[in-house]
Structures are given as structure tokens and as C-alpha cells.
file query-v9.txt (compact mmCIF, C-alpha atoms)
# COMPACT_ATOMS: atom_id res chain seq x y z
CA MET A 266 -149.13 -35.77 -9.20
CA LYS A 267 -150.32 -32.20 -8.59
CA LYS A 268 -147.72 -30.79 -10.99
CA THR A 269 -148.72 -33.25 -13.70
CA PHE A 270 -152.38 -32.33 -13.29
CA LEU A 271 -151.60 -28.59 -13.40
CA CYS A 272 -149.47 -29.05 -16.52
CA LEU A 273 -152.28 -30.98 -18.24
CA VAL A 274 -154.86 -28.31 -17.30
CA ALA A 275 -152.53 -25.49 -18.43
CA GLY A 276 -151.85 -27.30 -21.70
CA ALA A 277 -155.55 -27.88 -22.29
CA VAL A 278 -156.39 -24.21 -21.64
CA LEU A 279 -153.53 -22.85 -23.73
CA THR A 280 -154.13 -25.07 -26.74
CA THR A 281 -157.93 -25.39 -26.77
CA SER A 282 -159.32 -24.87 -30.27
CA CYS A 283 -156.10 -23.41 -31.60
CA ILE A 284 -155.24 -25.67 -34.48
CA GLY A 285 -153.27 -22.83 -36.04
CA SER A 286 -151.29 -22.74 -39.24
CA PHE A 287 -148.11 -24.49 -37.99
CA GLY A 288 -146.08 -21.72 -39.66
CA LEU A 289 -142.67 -22.73 -38.29
CA PHE A 290 -143.08 -26.40 -39.23
CA ASN A 291 -144.34 -25.45 -42.70
CA LYS A 292 -141.44 -23.04 -43.27
CA LEU A 293 -138.98 -25.81 -42.42
CA LEU A 294 -140.83 -28.26 -44.66
CA GLY A 295 -140.98 -25.72 -47.52
CA TRP A 296 -137.26 -25.08 -47.24
CA ASN A 297 -136.52 -28.82 -47.33
CA LYS A 298 -138.84 -29.39 -50.32
CA GLY A 299 -137.12 -26.54 -52.17
CA LEU A 300 -133.76 -28.32 -52.25
CA SER A 301 -132.33 -29.64 -55.52
CA ASN A 302 -133.87 -33.14 -55.78
CA LYS A 303 -135.76 -35.81 -53.87
CA PHE A 304 -132.60 -37.67 -52.78
CA VAL A 305 -131.11 -34.52 -51.26
CA ASN A 306 -134.49 -33.78 -49.66
CA GLU A 307 -134.53 -37.21 -48.02
CA LEU A 308 -130.92 -36.95 -46.85
CA VAL A 309 -131.50 -33.52 -45.30
CA PHE A 310 -134.76 -34.76 -43.75
CA ILE A 311 -133.00 -37.66 -42.06
CA VAL A 312 -130.16 -35.45 -40.81
CA ILE A 313 -132.38 -32.68 -39.43
CA SER A 314 -135.41 -34.80 -38.45
CA PRO A 315 -135.18 -33.68 -34.79
CA ALA A 316 -135.76 -30.12 -36.03
CA TYR A 317 -139.20 -31.17 -37.29
CA GLY A 318 -140.14 -32.37 -33.81
CA VAL A 319 -138.88 -29.17 -32.20
CA ALA A 320 -140.70 -27.01 -34.78
CA SER A 321 -143.93 -28.96 -34.19
CA VAL A 322 -143.74 -28.57 -30.42
CA VAL A 323 -142.93 -24.84 -30.66
CA ASP A 324 -145.86 -24.38 -33.08
CA LEU A 325 -148.22 -26.43 -30.94
CA LEU A 326 -147.42 -24.90 -27.56
CA VAL A 327 -146.37 -21.34 -28.44
CA LEU A 328 -146.92 -20.01 -31.95
CA ASN A 329 -150.36 -21.50 -32.63
CA THR A 330 -151.54 -20.28 -29.22
CA VAL A 331 -150.27 -16.77 -30.00
CA GLU A 332 -152.01 -17.01 -33.39
CA PHE A 333 -155.27 -18.08 -31.75
CA TRP A 334 -155.33 -15.23 -29.23
CA THR A 335 -153.93 -12.44 -31.40
CA GLY A 336 -155.18 -13.47 -34.84
CA SER A 337 -151.72 -13.45 -36.43
CA ASN A 338 -148.86 -15.90 -36.51
CA PRO A 339 -145.46 -14.50 -35.54
CA VAL A 340 -143.83 -16.50 -38.35
CA ALA A 341 -146.32 -15.55 -41.06
CA LYS A 342 -144.98 -15.19 -44.56
CA VAL A 343 -144.85 -11.37 -44.48
CA GLY A 344 -142.88 -10.14 -47.47
CA HIS A 345 -143.26 -13.41 -49.38
CA VAL A 346 -144.24 -12.98 -53.05
CA ASP A 347 -146.19 -15.58 -55.03
CA ASN A 348 -146.67 -15.36 -58.79
CA VAL A 349 -150.27 -16.24 -59.66
CA TRP A 350 -151.91 -16.77 -63.04
CA GLY A 351 -155.06 -14.70 -63.40
CA ARG A 352 -158.21 -15.83 -65.18
CA ASP A 353 -157.14 -13.49 -67.98
CA GLY A 354 -154.05 -15.67 -68.60
CA LYS A 355 -151.65 -13.05 -67.22
CA MET A 356 -149.21 -13.32 -64.31
CA TYR A 357 -149.80 -11.31 -61.12
CA ALA A 358 -147.38 -10.91 -58.21
CA VAL A 359 -149.06 -11.29 -54.80
CA LYS A 360 -147.00 -10.04 -51.85
CA THR A 361 -148.08 -10.93 -48.30
CA LEU A 362 -148.24 -7.89 -46.02
CA LYS A 363 -148.74 -7.75 -42.26
CA ASN A 364 -152.36 -6.66 -42.74
CA GLY A 365 -153.24 -8.01 -46.19
CA TYR A 366 -151.87 -8.35 -49.70
CA GLU A 367 -150.28 -6.23 -52.40
CA VAL A 368 -151.19 -7.37 -55.92
CA THR A 369 -149.01 -6.14 -58.77
CA ARG A 370 -150.71 -6.35 -62.15
CA PRO A 371 -148.77 -7.21 -65.32
CA THR A 372 -148.89 -3.46 -66.14
CA GLY A 373 -147.06 -2.66 -62.88
CA ASP A 374 -150.11 -1.08 -61.24
CA LYS A 375 -150.64 -2.11 -57.63
CA VAL A 376 -153.87 -2.97 -55.79
CA TYR A 377 -153.94 -3.52 -52.04
CA PHE A 378 -156.31 -5.78 -50.13
CA VAL A 379 -156.23 -4.62 -46.51
CA TYR A 380 -157.65 -6.28 -43.40
CA ASN A 381 -158.90 -3.91 -40.69
CA LYS A 382 -158.79 -5.82 -37.40
CA LYS A 383 -160.82 -3.18 -35.53
CA ASP A 384 -163.77 -3.40 -37.95
CA ASN A 385 -163.13 -7.05 -38.87
CA SER A 386 -163.35 -6.03 -42.53
CA TRP A 387 -161.49 -6.30 -45.84
CA SER A 388 -161.04 -3.36 -48.19
CA MET A 389 -159.48 -2.78 -51.59
CA GLU A 390 -157.23 0.22 -52.16
CA GLU A 391 -156.37 1.36 -55.65
CA ASN A 392 -154.91 4.70 -56.75
CA GLY A 393 -155.31 6.07 -53.21
CA VAL A 394 -159.04 5.23 -53.07
CA GLN A 395 -160.13 2.67 -50.47
CA LYS A 396 -163.39 0.74 -50.84
CA GLU A 397 -164.71 -1.73 -48.29
CA LEU A 398 -165.44 -5.14 -49.81
CA PHE A 399 -166.94 -7.02 -46.86
CA ARG A 400 -166.95 -7.36 -43.09
CA TYR A 401 -167.62 -10.21 -40.70
CA ASN A 402 -170.71 -9.76 -38.53
CA ALA A 403 -170.84 -10.84 -34.89
CA ASP A 404 -173.45 -13.52 -35.73
CA GLY A 405 -171.10 -15.30 -38.16
CA THR A 406 -172.63 -13.86 -41.33
CA VAL A 407 -170.80 -11.63 -43.79
CA LYS A 408 -171.88 -8.13 -44.83
CA ALA A 409 -170.83 -7.82 -48.48
CA ILE A 410 -170.74 -4.50 -50.30
CA LEU A 411 -172.28 -4.92 -53.76
CA PRO A 412 -170.95 -3.14 -56.87
CA ASN A 413 -173.94 -0.74 -56.74
CA GLY A 414 -172.96 0.34 -53.20
CA GLU A 415 -175.73 -1.54 -51.39
CA SER A 416 -174.87 -4.14 -48.76
CA LEU A 417 -176.10 -7.69 -48.35
CA ASP A 418 -175.78 -9.97 -45.33
CA VAL A 419 -175.09 -13.56 -46.35
CA ALA A 420 -174.15 -16.78 -44.57
CA ALA A 421 -170.53 -17.87 -44.86
CA SER A 422 -171.55 -20.97 -46.84
CA GLU A 423 -172.04 -22.16 -50.40
CA GLN A 424 -175.65 -20.94 -50.31
CA GLY A 425 -174.52 -17.52 -49.09
CA MET A 426 -171.88 -17.25 -51.82
CA TYR A 427 -174.47 -18.28 -54.43
CA ARG A 428 -176.84 -15.60 -53.15
CA LEU A 429 -174.02 -13.03 -53.31
CA ARG A 430 -173.08 -14.02 -56.88
CA MET A 431 -176.70 -13.72 -57.93
CA ALA A 432 -176.96 -10.25 -56.36
CA CYS A 433 -173.72 -9.07 -58.03
CA ASN A 434 -174.75 -10.37 -61.46
CA ASN A 435 -178.41 -9.24 -61.47
CA GLY A 436 -179.73 -12.77 -60.97
CA THR A 437 -177.53 -14.38 -63.63
CA PHE A 438 -174.88 -16.88 -62.65
CA PHE A 439 -172.98 -19.10 -65.02
CA ALA A 440 -171.07 -22.05 -63.61
CA MET A 441 -167.52 -22.48 -64.84
CA ASN A 442 -165.30 -25.50 -64.72
call {"tool": "encode", "arguments": {"input": "query-v9.txt", "output": "C-alpha cells"}}
result
Amino acid sequence: MKKTFLCLVAGAVLTTSCIGSFGLFNKLLGWNKGLSNKFVNELVFIVISPAYGVASVVDLLVLNTVEFWTGSNPVAKVGHVDNVWGRDGKMYAVKTLKNGYEVTRPTGDKVYFVYNKKDNSWSMEENGVQKELFRYNADGTVKAILPNGESLDVAASEQGMYRLRMACNNGTFFAMN
């Protein structure tokens, strides 16, 4: 009885508020979905279904807890490249790095978006020049750096993003669908 109680308490402490990204489970699922067709997907799913349970338990008890306490998942998609269509109708390659993203423009030029854990901030680096974009404040707000170099503290909400858009566009904001 004592061991059961201690296990429940330990489990509650280790997994409290750490929903996590379930990286291992999602990698397995992504691999299965990437197979040739839906019939093969189903066949493989049935054959390896115990692996989904194991991956879920490992994510729940180990990896998501590590992610909660350290801020990074050990099975993150570092090195993975996604091709993304830009608003300009051109294709961009977005590579996941350990501390951010590398974006390759259609011209081949690269822009880096880098997360600084110490400052809890995001910066953009282009042609060797690094410019801070925003940082998270201790009170839950965000300090955004405006194009004119000034900073603005906004709430991390729709109202805060609206206020930031208005400040960046000199009070003009057009909604797009």
C-alpha cells in the first residue's frame, strides 16, 4: 500500500502540468502515415500497435517531463526541413535547429531565427547582423521591438497582437482572409 501511494505521488509530481509535445509518439505516427497507402498504413499499425503504447508511456513519464523541466524535447525534430509557401507565392525551406530555425529564401539567402534561453528572447540574424525581435517578460507579457527601434510591452493575446500590429503599421491595420 505504501509503495502504491509513493508511486502515485511520484507520478503526480513528475507529470504535473507537463502535457508536452509527445515527440516520440508523433514521430512514430508520422512515419506510419508516410507509408505508401492507407491499407499499408493500417496493416503496419496493427502489427506495431504495441509500439504506440510504449511510445506514449515513454513520452508521458520521461520525455514530456524532461521537456517540461528543461524546455526542450530530447526527440525534437532538429535537422528536419519543411518547405513552406510564403505570402509572396514563393517556396521557403525552414530547417529546425536546436535553438531556432534556419529559413532559406528562394534566392538561397539564409535568415536565422534564434531563441536565447538566458534572455528568454527571439532574435533574427541576417548577413551576420543580429536583431532582437521580442522577449518574454516575467509577468507574462511580451516586449516587442518595433521597426523604429522602440519597444512595446503587450499582452500575449489577440488584443496584444492587435495593439502590436497597430504600432508597427502607424495605426493602420487591414484584415486579410
call {"tool": "residues_around", "arguments": {"input": "query-v9.txt", "residues": "A:Ile410", "least_positions_apart": "6", "cutoff": "9 Å", "atoms": "only C-alpha atoms", "output": "PyMOL selection string"}}
result
chain A and resi 397-400+416-418
call {"tool": "residues_around", "arguments": {"input": "query-v9.txt", "residues": "A:Val394", "least_positions_apart": "4", "cutoff": "12 Å", "atoms": "all atoms listed in the file", "output": "ChimeraX atom specification"}}
result
/A:376-378,388-390
call {"tool": "atom_distance", "arguments": {"input": "query-v9.txt", "atom1": "atom CA of A:Asp353", "atom2": "atom CA of A:Arg370"}}
result
11.2 Å
call {"tool": "atom_distance", "arguments": {"input": "query-v9.txt", "atom1": "atom CA of A:Glu332", "atom2": "atom CA of A:Glu391"}}
result
29.2 Å
call {"tool": "closest_residue", "arguments": {"input": "query-v9.txt", "among": "A:Gly295, A:Gly344, A:Gly351, A:Gly414", "to": "A:Lys363", "atoms": "all atoms listed in the file"}}
result
A:Gly344
call {"tool": "closest_residue", "arguments": {"input": "query-v9.txt", "among": "A:Tyr380, A:Trp296, A:Trp334, A:Tyr366", "to": "A:Ile313", "atoms": "only C-alpha atoms"}}
result
A:Trp296
call {"tool": "atom_distance", "arguments": {"input": "query-v9.txt", "atom1": "atom CA of A:Asn385", "atom2": "atom CA of A:Ala409"}}
result
12.3 Å
call {"tool": "closest_residue", "arguments": {"input": "query-v9.txt", "among": "A:Val346, A:Val407, A:Leu294, A:Val379", "to": "A:Ala316", "atoms": "only C-alpha atoms"}}
result
A:Leu294
call {"tool": "closest_residue", "arguments": {"input": "query-v9.txt", "among": "A:Lys396, A:Lys298, A:Lys355, A:Arg428", "to": "A:Phe310", "atoms": "all atoms listed in the file"}}
result
A:Lys298
